[in-house]
Structure formats: C-alpha cells, structure tokens
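Below is coords.cif, holding mmCIF, C-alpha atoms.
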data_my_file
loop_
_atom_site.label_atom_id
_atom_site.label_comp_id
_atom_site.auth_asym_id
_atom_site.auth_seq_id
_atom_site.Cartn_x
_atom_site.Cartn_y
_atom_site.Cartn_z
CA MET A 1 229.26 107.25 -0.77
CA THR A 2 232.77 106.05 -1.61
CA LYS A 3 235.41 107.61 0.65
CA LEU A 4 238.70 108.38 -1.09
CA LYS A 5 242.06 109.19 0.52
CA LEU A 6 245.14 109.83 -1.61
CA THR A 7 248.52 109.44 0.12
CA TYR A 8 251.61 111.07 -1.40
CA PHE A 9 254.54 113.41 -0.85
CA ASP A 10 253.71 117.04 -0.09
CA PHE A 11 254.65 118.63 -3.39
CA SER A 12 252.87 119.63 -6.59
CA GLY A 13 254.21 116.96 -8.90
CA GLY A 14 255.12 113.32 -9.25
CA ARG A 15 252.97 110.28 -9.71
CA ALA A 16 249.98 111.45 -7.64
CA GLU A 17 249.60 114.95 -9.10
CA PRO A 18 247.52 113.90 -12.15
CA ALA A 19 245.08 112.16 -9.77
CA ARG A 20 244.87 115.26 -7.56
CA LEU A 21 244.21 117.44 -10.61
CA ALA A 22 241.60 115.05 -11.99
CA MET A 23 239.66 114.98 -8.72
CA HIS A 24 239.91 118.76 -8.38
CA ILE A 25 238.69 119.34 -11.95
CA GLY A 26 235.90 116.75 -11.65
CA GLU A 27 234.93 117.96 -8.17
CA VAL A 28 235.41 114.48 -6.73
CA PRO A 29 235.72 114.85 -2.94
CA PHE A 30 238.84 113.22 -1.48
CA GLU A 31 241.26 113.50 1.41
CA ASP A 32 244.57 114.84 0.03
CA TYR A 33 246.91 113.27 2.59
CA ARG A 34 250.40 114.71 2.12
CA PHE A 35 253.43 113.67 4.12
CA ALA A 36 256.93 115.17 4.49
CA ALA A 37 259.75 113.41 2.63
CA SER A 38 261.34 112.62 6.00
CA ASP A 39 258.26 110.55 6.92
CA PHE A 40 258.47 108.37 3.79
CA PRO A 41 260.33 105.47 5.49
CA GLU A 42 257.46 105.23 7.98
CA VAL A 43 254.63 105.79 5.49
CA ARG A 44 255.89 103.23 2.99
CA LYS A 45 255.82 100.45 5.58
CA ALA A 46 252.03 100.75 5.62
CA THR A 47 251.68 100.54 1.81
CA PRO A 48 251.03 97.38 -0.26
CA LEU A 49 254.30 97.43 -2.22
CA ASN A 50 256.33 100.02 -0.27
CA GLN A 51 255.38 102.60 -2.84
CA VAL A 52 253.35 105.78 -3.03
CA PRO A 53 250.92 107.06 -4.12
CA THR A 54 248.23 104.89 -2.65
CA LEU A 55 244.50 105.48 -2.80
CA HIS A 56 242.20 104.27 -0.08
CA VAL A 57 238.81 103.43 -1.57
CA ASN A 58 236.80 103.13 1.62
CA ASP A 59 238.95 100.61 3.53
CA VAL A 60 240.87 99.15 0.57
CA GLN A 61 244.34 100.59 0.02
CA ILE A 62 245.22 100.57 -3.69
CA THR A 63 248.73 100.86 -5.14
CA GLN A 64 249.98 101.63 -8.70
CA SER A 65 249.70 105.24 -9.80
CA ASP A 66 248.33 104.78 -13.33
CA ALA A 67 245.60 102.47 -12.03
CA ILE A 68 244.71 105.16 -9.48
CA ILE A 69 244.78 107.95 -12.07
CA ARG A 70 242.56 105.94 -14.44
CA TYR A 71 240.05 105.19 -11.66
CA VAL A 72 239.72 108.77 -10.44
CA GLY A 73 239.75 109.89 -14.07
CA ARG A 74 236.63 107.79 -14.65
CA LEU A 75 234.99 109.25 -11.54
CA ALA A 76 235.90 112.75 -12.74
CA GLY A 77 234.62 112.23 -16.29
CA LEU A 78 238.15 112.64 -17.68
CA TYR A 79 238.58 109.21 -19.26
CA PRO A 80 237.24 108.41 -22.74
CA GLU A 81 234.11 106.27 -23.07
CA ASP A 82 235.02 105.21 -26.60
CA ASP A 83 237.29 102.13 -26.78
CA PHE A 84 239.66 103.56 -29.39
CA GLN A 85 239.96 106.94 -27.67
CA ALA A 86 240.59 105.11 -24.38
CA LEU A 87 243.37 103.23 -26.19
CA LEU A 88 244.98 106.50 -27.33
CA CYS A 89 244.66 107.86 -23.79
CA ASP A 90 246.24 104.73 -22.28
CA GLU A 91 248.98 104.69 -24.94
CA ALA A 92 250.03 108.24 -24.05
CA MET A 93 249.85 107.42 -20.31
CA GLY A 94 252.12 104.42 -20.88
CA ALA A 95 254.68 106.41 -22.86
CA LEU A 96 254.66 109.13 -20.20
CA GLU A 97 255.27 106.51 -17.54
CA ASP A 98 258.28 105.31 -19.57
CA ILE A 99 259.67 108.84 -19.15
CA ASN A 100 259.09 108.67 -15.38
CA ILE A 101 260.90 105.32 -15.24
CA LYS A 102 263.83 106.45 -17.38
CA ILE A 103 264.39 109.59 -15.32
CA GLY A 104 263.76 107.67 -12.10
CA ALA A 105 266.60 105.30 -13.00
CA SER A 106 269.03 108.25 -12.88
CA PHE A 107 268.07 109.26 -9.34
CA GLY A 108 270.67 108.17 -6.84
CA LEU A 109 273.50 108.67 -9.33
CA LYS A 110 276.02 111.37 -8.53
CA GLY A 111 278.69 113.48 -10.21
CA ASP A 112 279.94 112.23 -13.57
CA ASP A 113 277.64 109.19 -13.51
CA LEU A 114 274.60 111.42 -13.13
CA GLU A 115 275.81 113.78 -15.85
CA THR A 116 276.46 110.91 -18.28
CA ALA A 117 273.06 109.32 -17.64
CA ARG A 118 271.15 112.60 -17.88
CA ASP A 119 273.02 113.71 -21.02
CA ALA A 120 272.09 110.41 -22.63
CA LEU A 121 268.43 111.05 -21.74
CA ALA A 122 268.53 114.66 -22.94
CA THR A 123 269.95 113.70 -26.33
CA GLY A 124 268.34 110.27 -26.80
CA ALA A 125 265.18 108.98 -25.16
CA LEU A 126 263.67 112.31 -24.14
CA PRO A 127 263.73 113.97 -27.60
CA GLN A 128 262.36 110.72 -29.05
CA TYR A 129 259.46 110.61 -26.59
CA LEU A 130 258.78 114.35 -26.79
CA ARG A 131 258.63 114.28 -30.58
CA TRP A 132 256.32 111.28 -30.43
CA LEU A 133 254.00 113.09 -28.00
CA GLN A 134 254.01 116.12 -30.29
CA LYS A 135 253.09 113.89 -33.20
CA GLN A 136 250.25 112.33 -31.20
CA LEU A 137 248.92 115.83 -30.52
CA GLU A 138 249.18 116.81 -34.19
CA ASN A 139 247.54 113.57 -35.33
CA HIS A 140 244.60 114.02 -32.99
CA GLY A 141 243.55 117.59 -33.60
CA GLY A 142 246.43 119.50 -32.01
CA GLN A 143 244.68 120.36 -28.76
CA PHE A 144 244.59 117.19 -26.67
CA LEU A 145 246.18 113.72 -26.68
CA ALA A 146 242.89 111.81 -27.03
CA ASP A 147 239.12 112.21 -27.32
CA ASN A 148 239.38 115.87 -28.54
CA ARG A 149 239.03 117.01 -24.95
CA LEU A 150 240.96 117.11 -21.70
CA THR A 151 241.65 113.61 -20.35
CA ILE A 152 243.94 112.13 -17.73
CA ALA A 153 246.58 111.68 -20.47
CA ASP A 154 246.82 115.48 -20.72
CA LEU A 155 247.05 115.80 -16.94
CA LYS A 156 249.89 113.29 -16.78
CA ALA A 157 251.61 114.97 -19.76
CA PHE A 158 251.21 118.38 -18.13
CA VAL A 159 252.80 117.24 -14.86
CA ILE A 160 255.75 115.50 -16.55
CA LEU A 161 256.40 118.25 -19.12
CA HIS A 162 256.31 120.83 -16.35
CA TRP A 163 258.86 118.78 -14.40
CA LEU A 164 261.15 118.35 -17.42
CA SER A 165 261.18 122.09 -18.07
CA SER A 166 261.45 123.13 -14.42
CA GLY A 167 265.25 123.34 -14.37
CA LYS A 168 265.11 121.16 -11.23
CA LEU A 169 266.50 118.11 -13.04
CA ASP A 170 270.28 118.52 -13.25
CA HIS A 171 271.64 118.23 -16.81
CA ILE A 172 268.18 118.31 -18.40
CA PRO A 173 268.07 121.69 -20.20
CA SER A 174 264.92 123.58 -19.19
CA ASP A 175 264.43 124.56 -22.85
CA LEU A 176 264.58 120.95 -24.08
CA ILE A 177 260.85 120.78 -24.89
CA ALA A 178 260.85 124.17 -26.61
CA THR A 179 263.83 123.05 -28.69
CA VAL A 180 262.78 119.57 -29.78
CA ALA A 181 258.97 119.75 -29.68
CA PRO A 182 257.81 123.39 -29.66
CA LYS A 183 254.14 122.50 -30.15
CA LEU A 184 254.32 120.47 -26.98
CA GLU A 185 255.57 123.57 -25.15
CA GLU A 186 252.56 125.54 -26.43
CA TYR A 187 250.29 122.66 -25.40
CA MET A 188 251.74 122.61 -21.88
CA ASN A 189 251.15 126.34 -21.54
CA ARG A 190 247.60 125.98 -22.87
CA VAL A 191 246.79 123.22 -20.37
CA ALA A 192 248.19 125.38 -17.56
CA LYS A 193 245.65 128.08 -18.48
CA ILE A 194 242.60 125.80 -18.32
CA PRO A 195 240.58 127.65 -15.66
CA ALA A 196 240.23 124.76 -13.18
CA ILE A 197 243.99 124.07 -13.41
CA ALA A 198 245.09 127.72 -13.24
CA GLN A 199 242.80 128.24 -10.26
CA TYR A 200 244.12 125.12 -8.52
CA TYR A 201 247.70 126.33 -8.63
CA ALA A 202 246.75 129.95 -7.86
CA ASN A 203 245.17 128.67 -4.64
CA ARG A 204 248.05 126.35 -3.75
CA GLY A 205 250.81 128.86 -4.50
CA PRO A 206 253.91 128.04 -6.54
CA SER A 207 254.89 124.39 -6.67
CA MET B 208 235.00 96.25 -39.29
CA THR B 209 238.15 97.17 -37.40
CA LYS B 210 241.25 95.41 -38.73
CA LEU B 211 243.79 94.42 -36.06
CA LYS B 212 247.41 93.37 -36.56
CA LEU B 213 249.62 92.54 -33.59
CA THR B 214 253.38 92.66 -34.17
CA TYR B 215 255.72 90.83 -31.79
CA PHE B 216 258.51 88.28 -31.44
CA ASP B 217 257.70 84.72 -32.44
CA PHE B 218 257.46 83.09 -29.04
CA SER B 219 254.70 82.26 -26.57
CA GLY B 220 255.44 84.86 -23.93
CA GLY B 221 256.46 88.43 -23.27
CA ARG B 222 254.49 91.63 -23.47
CA ALA B 223 252.21 90.62 -26.36
CA GLU B 224 251.16 87.19 -25.14
CA PRO B 225 248.31 88.41 -22.87
CA ALA B 226 246.85 90.30 -25.87
CA ARG B 227 247.12 87.21 -28.07
CA LEU B 228 245.41 85.11 -25.39
CA ALA B 229 242.66 87.70 -24.87
CA MET B 230 241.83 87.86 -28.57
CA HIS B 231 241.91 84.09 -28.85
CA ILE B 232 239.59 83.63 -25.85
CA GLY B 233 237.25 86.41 -26.98
CA GLU B 234 237.32 85.23 -30.60
CA VAL B 235 238.45 88.64 -31.79
CA PRO B 236 239.92 88.22 -35.30
CA PHE B 237 243.45 89.61 -35.71
CA GLU B 238 246.62 89.11 -37.69
CA ASP B 239 249.23 87.56 -35.38
CA TYR B 240 252.35 88.91 -37.08
CA ARG B 241 255.42 87.25 -35.56
CA PHE B 242 259.00 88.06 -36.51
CA ALA B 243 262.30 86.30 -35.80
CA ALA B 244 264.54 87.88 -33.14
CA SER B 245 267.16 88.51 -35.84
CA ASP B 246 264.67 90.80 -37.62
CA PHE B 247 264.03 92.98 -34.58
CA PRO B 248 266.54 95.73 -35.56
CA GLU B 249 264.62 96.16 -38.82
CA VAL B 250 261.11 95.81 -37.33
CA ARG B 251 261.71 98.32 -34.54
CA LYS B 252 262.64 101.06 -37.00
CA ALA B 253 259.04 101.03 -38.20
CA THR B 254 257.54 101.30 -34.69
CA PRO B 255 256.50 104.52 -32.91
CA LEU B 256 258.98 104.27 -30.00
CA ASN B 257 261.33 101.53 -31.26
CA GLN B 258 259.45 99.03 -29.14
CA VAL B 259 257.24 96.01 -29.63
CA PRO B 260 254.50 94.92 -29.36
CA THR B 261 252.57 97.26 -31.57
CA LEU B 262 248.95 96.93 -32.60
CA HIS B 263 247.70 98.28 -35.89
CA VAL B 264 244.09 99.36 -35.51
CA ASN B 265 243.20 99.78 -39.16
CA ASP B 266 246.00 102.12 -40.26
CA VAL B 267 247.00 103.47 -36.85
CA GLN B 268 250.03 101.79 -35.26
CA ILE B 269 249.70 101.78 -31.48
CA THR B 270 252.56 101.28 -29.01
CA GLN B 271 252.58 100.45 -25.25
CA SER B 272 251.72 96.89 -24.32
CA ASP B 273 249.37 97.48 -21.39
CA ALA B 274 247.33 99.95 -23.45
CA ILE B 275 247.09 97.32 -26.18
CA ILE B 276 246.16 94.55 -23.72
CA ARG B 277 243.46 96.74 -22.14
CA TYR B 278 241.99 97.65 -25.55
CA VAL B 279 241.80 94.10 -26.85
CA GLY B 280 240.62 93.01 -23.40
CA ARG B 281 237.63 95.33 -23.80
CA LEU B 282 236.94 93.94 -27.27
CA ALA B 283 237.18 90.41 -25.89
CA GLY B 284 234.91 91.06 -22.91
CA LEU B 285 237.81 90.42 -20.50
CA TYR B 286 237.95 93.83 -18.84
CA PRO B 287 235.65 94.76 -15.93
CA GLU B 288 232.76 97.13 -16.58
CA ASP B 289 232.58 98.16 -12.92
CA ASP B 290 234.90 101.06 -11.99
CA PHE B 291 236.22 99.50 -8.80
CA GLN B 292 236.80 96.09 -10.38
CA ALA B 293 238.56 97.83 -13.30
CA LEU B 294 240.76 99.53 -10.69
CA LEU B 295 241.69 96.16 -9.14
CA CYS B 296 242.40 94.78 -12.62
CA ASP B 297 244.59 97.77 -13.53
CA GLU B 298 246.36 97.65 -10.15
CA ALA B 299 247.38 94.03 -10.72
CA MET B 300 248.43 94.82 -14.32
CA GLY B 301 250.63 97.65 -13.03
CA ALA B 302 252.29 95.52 -10.37
CA LEU B 303 252.91 92.77 -12.93
CA GLU B 304 254.49 95.31 -15.25
CA ASP B 305 256.79 96.31 -12.36
CA ILE B 306 258.00 92.69 -12.37
CA ASN B 307 258.63 92.86 -16.13
CA ILE B 308 260.62 96.06 -15.67
CA LYS B 309 262.65 94.76 -12.73
CA ILE B 310 263.61 91.57 -14.56
CA GLY B 311 264.15 93.50 -17.79
CA ALA B 312 266.74 95.66 -16.02
CA SER B 313 268.86 92.54 -15.41
CA PHE B 314 268.98 91.57 -19.08
CA GLY B 315 272.30 92.44 -20.65
CA LEU B 316 274.17 91.78 -17.40
CA LYS B 317 276.63 88.90 -17.41
CA GLY B 318 278.46 86.61 -15.02
CA ASP B 319 278.68 87.81 -11.41
CA ASP B 320 276.76 91.00 -12.16
CA LEU B 321 273.83 88.98 -13.49
CA GLU B 322 273.95 86.59 -10.55
CA THR B 323 274.02 89.41 -8.02
CA ALA B 324 271.12 91.23 -9.68
CA ARG B 325 269.00 88.10 -10.06
CA ASP B 326 269.71 86.91 -6.50
CA ALA B 327 268.57 90.29 -5.24
CA LEU B 328 265.33 89.90 -7.21
CA ALA B 329 264.79 86.31 -6.09
CA THR B 330 265.16 87.19 -2.42
CA GLY B 331 263.73 90.73 -2.43
CA ALA B 332 261.35 92.22 -4.95
CA LEU B 333 259.98 88.99 -6.43
CA PRO B 334 258.85 87.39 -3.16
CA GLN B 335 257.33 90.74 -2.17
CA TYR B 336 255.34 91.02 -5.40
CA LEU B 337 254.39 87.34 -5.46
CA ARG B 338 253.07 87.49 -1.90
CA TRP B 339 251.14 90.64 -2.75
CA LEU B 340 249.57 88.96 -5.77
CA GLN B 341 248.66 85.96 -3.63
CA LYS B 342 247.04 88.31 -1.12
CA GLN B 343 245.09 90.02 -3.90
CA LEU B 344 243.78 86.63 -4.98
CA GLU B 345 242.82 85.68 -1.44
CA ASN B 346 241.13 89.04 -0.85
CA HIS B 347 239.05 88.76 -4.00
CA GLY B 348 237.62 85.28 -3.76
CA GLY B 349 240.70 83.17 -4.39
CA GLN B 350 239.98 82.39 -8.03
CA PHE B 351 240.78 85.53 -10.02
CA LEU B 352 242.53 88.87 -9.48
CA ALA B 353 239.43 91.01 -10.14
CA ASP B 354 235.73 90.88 -11.02
CA ASN B 355 235.34 87.25 -9.84
CA ARG B 356 236.05 86.06 -13.36
CA LEU B 357 238.89 85.81 -15.86
CA THR B 358 240.20 89.23 -16.89
CA ILE B 359 243.31 90.52 -18.65
CA ALA B 360 244.98 90.80 -15.22
CA ASP B 361 244.85 87.01 -14.95
CA LEU B 362 246.23 86.62 -18.48
CA LYS B 363 249.15 88.93 -17.71
CA ALA B 364 249.73 87.16 -14.38
CA PHE B 365 249.62 83.78 -16.08
CA VAL B 366 252.24 84.77 -18.69
CA ILE B 367 254.62 86.29 -16.14
CA LEU B 368 254.23 83.53 -13.53
CA HIS B 369 254.83 80.94 -16.23
CA TRP B 370 258.01 82.80 -17.26
CA LEU B 371 259.26 83.08 -13.68
CA SER B 372 258.82 79.37 -13.08
CA SER B 373 260.14 78.26 -16.46
CA GLY B 374 263.73 77.80 -15.35
CA LYS B 375 264.74 79.93 -18.34
CA LEU B 376 265.70 82.89 -16.16
CA ASP B 377 269.18 82.21 -14.80
CA HIS B 378 269.39 82.44 -11.00
CA ILE B 379 265.61 82.64 -10.55
CA PRO B 380 264.72 79.30 -8.93
CA SER B 381 261.92 77.61 -10.88
CA ASP B 382 260.24 76.73 -7.55
CA LEU B 383 260.25 80.33 -6.29
CA ILE B 384 256.48 80.78 -6.69
CA ALA B 385 255.70 77.41 -5.10
CA THR B 386 257.95 78.34 -2.18
CA VAL B 387 256.88 81.90 -1.42
CA ALA B 388 253.28 81.97 -2.71
CA PRO B 389 251.93 78.43 -3.13
CA LYS B 390 248.36 79.59 -3.81
CA LEU B 391 249.68 81.57 -6.75
CA GLU B 392 251.20 78.38 -8.12
CA GLU B 393 247.81 76.63 -7.85
CA TYR B 394 246.19 79.65 -9.50
CA MET B 395 248.68 79.55 -12.41
CA ASN B 396 247.95 75.87 -12.94
CA ARG B 397 244.20 76.50 -12.78
CA VAL B 398 244.39 79.29 -15.38
CA ALA B 399 246.43 77.00 -17.66
CA LYS B 400 243.55 74.51 -17.58
CA ILE B 401 240.88 76.98 -18.67
CA PRO B 402 239.66 75.24 -21.84
CA ALA B 403 240.29 78.12 -24.27
CA ILE B 404 243.82 78.55 -22.89
CA ALA B 405 244.67 74.84 -22.75
CA GLN B 406 243.38 74.46 -26.31
CA TYR B 407 245.39 77.47 -27.52
CA TYR B 408 248.68 75.98 -26.32
CA ALA B 409 247.76 72.45 -27.38
CA ASN B 410 247.33 73.79 -30.92
CA ARG B 411 250.49 75.90 -30.85
CA GLY B 412 252.70 73.22 -29.33
CA PRO B 413 255.05 73.83 -26.41
CA SER B 414 256.27 77.40 -25.97
#

Can you dump the structure from the file as structure tokens?
Amino acid sequence: MTKLKLTYFDFSGGRAEPARLAMHIGEVPFEDYRFAASDFPEVRKATPLNQVPTLHVNDVQITQSDAIIRYVGRLAGLYPEDDFQALLCDEAMGALEDINIKIGASFGLKGDDLETARDALATGALPQYLRWLQKQLENHGGQFLADNRLTIADLKAFVILHWLSSGKLDHIPSDLIATVAPKLEEYMNRVAKIPAIAQYYANRGPS
Amino acid sequence: MTKLKLTYFDFSGGRAEPARLAMHIGEVPFEDYRFAASDFPEVRKATPLNQVPTLHVNDVQITQSDAIIRYVGRLAGLYPEDDFQALLCDEAMGALEDINIKIGASFGLKGDDLETARDALATGALPQYLRWLQKQLENHGGQFLADNRLTIADLKAFVILHWLSSGKLDHIPSDLIATVAPKLEEYMNRVAKIPAIAQYYANRGPS
C-alpha cells in the first residue's frame, strides 16, 4: 500500500489544507505532519524547492501544492473522470492559485505599502476573480464549480474564500465576498456544512 | 465533434505554445487564432480574466494555461494515465510555471532595477529550479520528466528552456542552462529533434 505523508505548517489553511480535506473526505490514510512556523527554516532545507507543502509518496518527496491536491483528489474520488469536467476543475484551481499568488506578493510589505497593495487587491483583482468564480458556479448548476459534485476545486475555493473573509488579512474587508459575489458567500457556507467537512473542523477545533 | 479554438499572441513561445505543440503532435484539430501584440488590449477585454491564452471548447471560453495544456494533453494522448506518473507530470508543470511567474515579475522593470532582479534570478532561483529539473530527469530514466515518454511536462519544459537560453531575456546568460544543468541542455536539444516537433518548427520558420 502507498504510504503518504503530508508536510505543512500547523494551521487549518494555506496550500496544504485542500489536500488534507480531500484525504479526510475520501478516507485516504496519511500522516498529517505539521510543524511550527519557527521550524520552517529547518524544514524547508529538506524540501525539493525550499517550499511546503510536500507529499511523500512512499520514499519520493513531491513538491507543488496543486499537483499534490490533484493526486490526492484522484485517490479520494474528488477529481472528475470526464475530460471537460476535469478542465473546469483545473481552470478554477488555476484561478484560485492566482489569488494565492497575488495575496502572497503583498506579504512582507508594511505600513502604507501594505495598505496600498491590499487596497488595490480589494478593489481590483479580488472582485474580478470573485465575480468570475460566482459566474462559474452559476454556469455549472449553482452548487459546485465542476462535475455537479464536490471536487478539489471546491475544497481549494472553500479554503481561500474562508481566508479572504477571515478578517486576518489586513485591509481586505471581511465582507468583501458578501458584497461583490453574494452567491459565493452562500456557496462557502454550504460547503462548510457538508457533513465530512463540518465534522473535520468540529474535531479539530477552531482554525 | 468538439470544436477547439486557441487564442494567443502570434509568436512561437509563451503560455500557449505547449498546447499548440501537444495538439500538433497528437493531431488534434484546432483553430490556432493568433493576434498581434498591439491588439492585446482589445482581445483581453473579451477574455474571462483579462488573460491569454484562452481555449474555446465549442462555445465555452476557458482561461488558465496549465488547465488548457492538461486538457489538450489528454486529448493528444500526452498526459499520463497512471496516477503517480500524472503527479510527476503535474509537479514538473507546477515548477515550470513558478519559473514563468518569477521571470514575469521582472517584466516592466527597467535599467538597474531590471538588472538587479534578473541577476538575482540568474544566480538564485533559476539555477535552483534548473538543477531540480535535471534531477527529476535523472531520477526518472534520463529521457523524459514523467511516464518514460513524451508528456506535456516535456513540452512545457522545452518551451521555457528554449526561452531561457534564447538570449532574448536581458541579463539571463544564454549559457545558463548549459552551465548549471548540462543534462537539461542535452534534453532540450533531444526534445527539439523529436520528428513531430522538428517538423512543426521547420514548417513555421524560426520563432
């Protein structure tokens, strides 16, 4: 049997969380190795490209979060079999990763520079992406981003939307999603109530 | 039959080129719609996220280049069927996209700022990624990045390695790959000689 070990920061978010959720939902056994932020300088030295998450598949250490999410998504039965539905799933994953990258670029900024960069995101790229995601939902049945069922695209969307509305990102209004893409807000709340997801967070405690 | 139309700049490179190559190699019929750079402001207005490439699949316009490459790669028979080999293929695609993003971030800079940013890439991130790609090759048989055969990961690698060594990127030495990852240079030259690829560029003329 394939032995899986996921290595990431010890918090309920970020680039590994969709993989954790997928394996939990699909009952794919894995070691959920979590390290403290203070240990990151040490941990990253042992990774292929100085980045986390990584996934050990038996003895092979894999990098690149979306590759990892797609792989465990297949194992968990949460990736479309149909080519066109897989395309829609991958398209949403790619757009969501754009959001990660755009917000990531503002980390490390301080004071006025941070405020300027985040304001630009909150009034420019983020509304654009959020409205696009809402339109994808509407165009594909209103419930899920692809395949008319829960896929890894929804898990990645859920994690990122939750982050955007957490109030933890300075200068990103926590009601941004509700304001610019209200159906996306409803969608996020619906995904949160999917039994396997609700149970996962009930057991872990608040993120 | 599914009607495909790829929309991108009129040059032999960038984020659409691996999709063009995949469809050419796999003999997947498509409309190769190319526009002049001066038309980009107009073209982008009609795209989902103001970005190219897009792929029309019948009447649905799809964004996100790696999603597009993976989809046409499946149609062309250039994407692994095996889950683990698909993971290796996706992992390489993700790392290659990191290179696109890192170089992309230096576009728009000028003078000393450009030189500083590009020097940092040429001595830091690029050698790191190039050595990693070389190691992936070596670990997986030496010929291809995944599945012991040509996949979309090789097509994306080929396009990006060709760009890096073209001399068209100011302050990126055209012998960087040969210097830091010589087996990657050999690999790039080998991929260029694959008959369907050599024939494609012979017919198109120099890029």

Cut-off 7 Å: closest region 11-106 of chain A/region 129-152 of chain A atom pairs per residue, using only C-alpha atoms, as CSV:
residue,atom,partner,partner_atom,distance
A:Pro18,CA,A:Ile152,CA,6.9
A:Ala22,CA,A:Ile152,CA,6.9
A:Gly73,CA,A:Ile152,CA,6.0
A:Leu78,CA,A:Thr151,CA,4.5
A:Tyr79,CA,A:Thr151,CA,5.5
A:Pro80,CA,A:Asp147,CA,6.2
A:Gln85,CA,A:Asp147,CA,5.3
A:Leu88,CA,A:Ala146,CA,5.7
A:Cys89,CA,A:Ala146,CA,5.4

Quick one: write out the picked residues with C-alpha atoms as a PDB file, keeping the file's coordinate frame?
ATOM      1  CA  PRO A  18     247.520 113.900 -12.150  1.00  0.00           C
ATOM      2  CA  ALA A  22     241.600 115.050 -11.990  1.00  0.00           C
ATOM      3  CA  GLY A  73     239.750 109.890 -14.070  1.00  0.00           C
ATOM      4  CA  LEU A  78     238.150 112.640 -17.680  1.00  0.00           C
ATOM      5  CA  TYR A  79     238.580 109.210 -19.260  1.00  0.00           C
ATOM      6  CA  PRO A  80     237.240 108.410 -22.740  1.00  0.00           C
ATOM      7  CA  GLN A  85     239.960 106.940 -27.670  1.00  0.00           C
ATOM      8  CA  LEU A  88     244.980 106.500 -27.330  1.00  0.00           C
ATOM      9  CA  CYS A  89     244.660 107.860 -23.790  1.00  0.00           C
TER      10      CYS A  89
END

Check: For chain A, which residue among B:Glu249, B:Asp290, B:Asp266, B:Glu238 is the nearest when counting all atoms listed in the file?
Finding: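 Among the listed residues, the smallest separation from chain A belongs to B:Asp290.
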
Next item on the list: Using the chain letters and numbering of this document, enumerate as a list in words the residues selected by the PyMOL selection byres ((chain A) within 6 of (chain B)).
Entry: Gln64, Ala67, Tyr71, Leu87, Asp90, Glu91 and Gly94 of chain A

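Atom to atom, CA of Ile379 (chain B) and CA of Gly220 (chain B) stand 17.0 Å apart.
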
Note to self: Counting all atoms listed in the file, find residues at most 10 Å from (249.1, 85.2, -36.6) (file frame) and give them as a ChimeraX atom specification.
What the structure shows: /B:212-215,217,227,236-241

Next item on the list: Can you turn the PyMOL selection byres ((chain A and resi 162) around 10) into a concrete residue list for this file, as a ChimeraX atom specification?
Entry: /A:13,156-161,163-167,174,177,185,188-189,192

Just C-alpha atoms for this one: save the residues we selected as a compact mmCIF listing (two decimals), in the coordinates of the input.
# COMPACT_ATOMS: atom_id res chain seq x y z
CA GLY A 13 254.21 116.96 -8.90
CA LYS A 156 249.89 113.29 -16.78
CA ALA A 157 251.61 114.97 -19.76
CA PHE A 158 251.21 118.38 -18.13
CA VAL A 159 252.80 117.24 -14.86
CA ILE A 160 255.75 115.50 -16.55
CA LEU A 161 256.40 118.25 -19.12
CA TRP A 163 258.86 118.78 -14.40
CA LEU A 164 261.15 118.35 -17.42
CA SER A 165 261.18 122.09 -18.07
CA SER A 166 261.45 123.13 -14.42
CA GLY A 167 265.25 123.34 -14.37
CA SER A 174 264.92 123.58 -19.19
CA ILE A 177 260.85 120.78 -24.89
CA GLU A 185 255.57 123.57 -25.15
CA MET A 188 251.74 122.61 -21.88
CA ASN A 189 251.15 126.34 -21.54
CA ALA A 192 248.19 125.38 -17.56

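CA of Thr179 (chain A) is positioned 22.2 Å from CA of Leu114 (chain A).
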
Checklist line | Coordinates-based distance that separates CA of Met23 (chain A) from CA of Tyr200 (chain A) (Å, one decimal) | finding: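 These atoms are spaced 11.1 Å apart.
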
Note to self: For a quick check of understanding, using only C-alpha atoms, which of A:Lys3, A:His24, A:Arg15, A:Lys193 has the smallest distance to Gly104 (chain A)?
What the structure shows: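 Looking only at the distances to Gly104 (chain A), the closest residue turns out to be A:Arg15.
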